[in-house]
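Read the structure below first, then the notes.
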Amino acid sequence: MLLKRNMWDHQDYHCPIIGTCLSTAELRKLASRVQLLMPDGASDYELHGAFVTLARQPATPAKIVQKFLDRKFARQMKRFARAEGDDALWALWTEMADAGDIPGAFWSIMRHQGASGKLLAQVYGEVHMLSHLVGASTRADLRRLAEAQARVEQLTTALAERKTVLRDAVAVWKRRAQEQERELAAERARREKAERERLSLRELLEAGSIAELERAREVLSAQLEDLQDRLVVAQAEGRRQALLIESGYREESCLRAQLAERDREVDALELALLGGLQPKPPCGGACEHPEACPCPHLRGKCVLYVGGRSGLKSQYRLLGERFGCEVLHHDGGLEQSSQRLQQLLSKADAVVCPVDCVSHEACALVKRMCKGSMKPVLFARSSGLSSLASSLAALNKGCQ
């Protein structure tokens with residue numbers, strides 16, 4: 001069957017045709033070809049509205065746009081040309097939409113002479129609702145990205161403050177070490193003096209009374225013990241200061257590790273956000289072009305997410321689709337049983353478990369079963385979407 005229905009023959013679908021099938025860059029390229037005059041600094045919305053108006057008239061500009069779309073979606077139109085009847089057209093639309101090719105399928109339906117008005121309205125409804133879902137998801141991802149960036153700034157500030165405290169502690173330790181060195185030098189001087197006095201006492205012993213010398217010896221022994229005790233205390237204080245500095249360096253290393261982990265989560269969330277700007281993920285598990293898949297090693301895999309927040313189950317699944325895999329969810333034992341967890345584990349290729357929102361029993365069961373079945377398991381730092389995105393990116397990297 002030939003595709004004969006023209007774009008201007010539609011009464012109500014010019015706006016979704018222009019918005020779904022043409023990108024902003026393509027519209028600006030076509031504007032020069034159709035000699036469309038737009039004011040300087042015209043917004044994307046104004047450009048969109050101008051092309052919607054042109055599409056309603058069977059004039060040369062609309063024909064140029066239609067010819068451009070025919071060339072762009074020639075392969076999809078050829079497939080629809082072989083379908084007859086609303087049932088066959090709807091089945092083909094569903095198949096291509098699930099594969100992520102909504103613009104090509106939408107244009108082919110709009111051009112098909114055999115598509116009924118009911119089918120056109122049904123397809124338009126699918127596209128319209130999908131645009132709402134994509135917009136809501138994008139706004140949520142942007143909000144979470146802003147929160148993550150704010151947390152990174154807080155950690156950076158805390159790290160800087162901790163560095164300042166450590167520098168002050170090092171300065172105090174150095175100052176106390178210098179004081180100890182001065183005290184040690186003074187102690188050496190006192191010991192040299194005592195040695196000289198001992199020699200003098202020896203001379204007195206040879207020339208004086210033994211009793212007087214014994215009293216002097218006891219006094220000197222007491223002074224020596226006191227000096228030795230003070231030396232031990234000074235050395236213990238030096239070791240304590242060294243331990244404090246070492247503890248401070250370990251805490252700084254921990255903060256650096258937390259900051260690096262948060263940076264990786266932000267990077268993974270940005271990748272998911274970039275994927276969320278498309279109407280459908282580039283790969284839904286059955287990609288016809290795996291070499292173009294952003295996460296080829298997760299394509300077609302099944303990941304079980306144990307625990308987390310039940311209110312985010314749909315977002316967990318959508319995020320999994322952005323990575324080309326299917327995400328199954330188990331609430332970690334709140335309402336679902338351990339038998340259900342075992343059933344889901346048998347289907348999964350890998351497991352992600354957020355440690356902040358799951359029971360100890362579920363964690364132990366996941367560890368035991370994954371060890372027995374040789375399946376990889378990741379324990380995420382939190383139950384947020386950014387942490388899940390980081391875990392999926394780590395799983396994709398680990399599959400290489």
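Ordering of the structure tokens sets the chain letters (A, B, ...); residue numbers start at 1 within each chain; ligands are numbered from 1 in the order shown.
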What are the DSSP alpha helix (DSSP H) residues of segment 209-386 of chain A, as a PyMOL selection string?
chain A and resi 210-276+313-322+338-347+360-373+385-386
Spatial neighbours of segment 359-370 of chain A, 12 Å, only C-alpha atoms, chain gap at least 2 places, as a ChimeraX atom specification
/A:304-308,330-357,372-380
Keeping only C-alpha atoms, write the selected residues to a file as a compact mmCIF listing (two decimals), in the first residue's frame.
```
# COMPACT_ATOMS: atom_id res chain seq x y z
CA LEU A 304 17.58 -7.48 41.40
CA TYR A 305 17.29 -4.47 43.76
CA VAL A 306 16.69 -5.69 47.35
CA GLY A 307 15.41 -3.06 49.83
CA GLY A 308 15.19 0.63 49.08
CA HIS A 330 12.07 -6.86 46.47
CA ASP A 331 11.27 -4.79 49.56
CA GLY A 332 13.76 -6.74 51.72
CA GLY A 333 11.12 -8.51 53.87
CA LEU A 334 8.70 -5.71 54.82
CA GLU A 335 5.76 -7.24 52.93
CA GLN A 336 7.28 -9.73 50.49
CA SER A 337 8.45 -13.13 51.77
CA SER A 338 11.90 -14.71 51.66
CA GLN A 339 10.54 -17.31 49.23
CA ARG A 340 9.71 -14.48 46.82
CA LEU A 341 13.28 -13.18 47.27
CA GLN A 342 14.66 -16.61 46.36
CA GLN A 343 12.48 -16.73 43.23
CA LEU A 344 13.68 -13.30 42.10
CA LEU A 345 17.32 -14.19 42.84
CA SER A 346 17.06 -17.20 40.53
CA LYS A 347 16.03 -14.86 37.67
CA ALA A 348 18.63 -12.14 38.31
CA ASP A 349 22.09 -11.87 36.79
CA ALA A 350 23.33 -9.53 39.55
CA VAL A 351 22.06 -8.03 42.84
CA VAL A 352 22.20 -4.48 44.27
CA CYS A 353 21.39 -4.00 47.97
CA PRO A 354 21.29 -0.52 49.64
CA VAL A 355 22.67 -0.90 53.16
CA ASP A 356 20.69 2.03 54.58
CA CYS A 357 17.23 0.65 53.76
CA GLY A 372 26.27 -20.16 46.27
CA SER A 373 25.14 -19.22 42.75
CA MET A 374 28.33 -17.24 41.86
CA LYS A 375 26.34 -14.08 41.11
CA PRO A 376 27.82 -10.61 41.66
CA VAL A 377 26.31 -8.50 44.47
CA LEU A 378 26.92 -4.80 45.21
CA PHE A 379 26.05 -3.16 48.53
CA ALA A 380 25.11 0.44 47.70
```
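By only C-alpha atoms, and with residues fewer than 4 positions from Lys4 of chain A along its chain excluded, the set lying at most 12 Å from it is Trp8, Asp9, Gln66, Asp70, Met77, Ala81, Ser108, Ile109, Met110, Arg111, His112, Gln113, Gly114 and Ala115 of chain A.
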Could you work out how far atom CA of Leu319 of chain A lies from atom CA of Ala150 of chain A, giving the answer in Å with one decimal?
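These two atoms are separated by 22.0 Å.
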Take atom CA of Arg79 of chain A and atom CA of Ser23 of chain A and report the distance between them in Å, one decimal.
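That distance, rounded to one decimal, is 22.8 Å.
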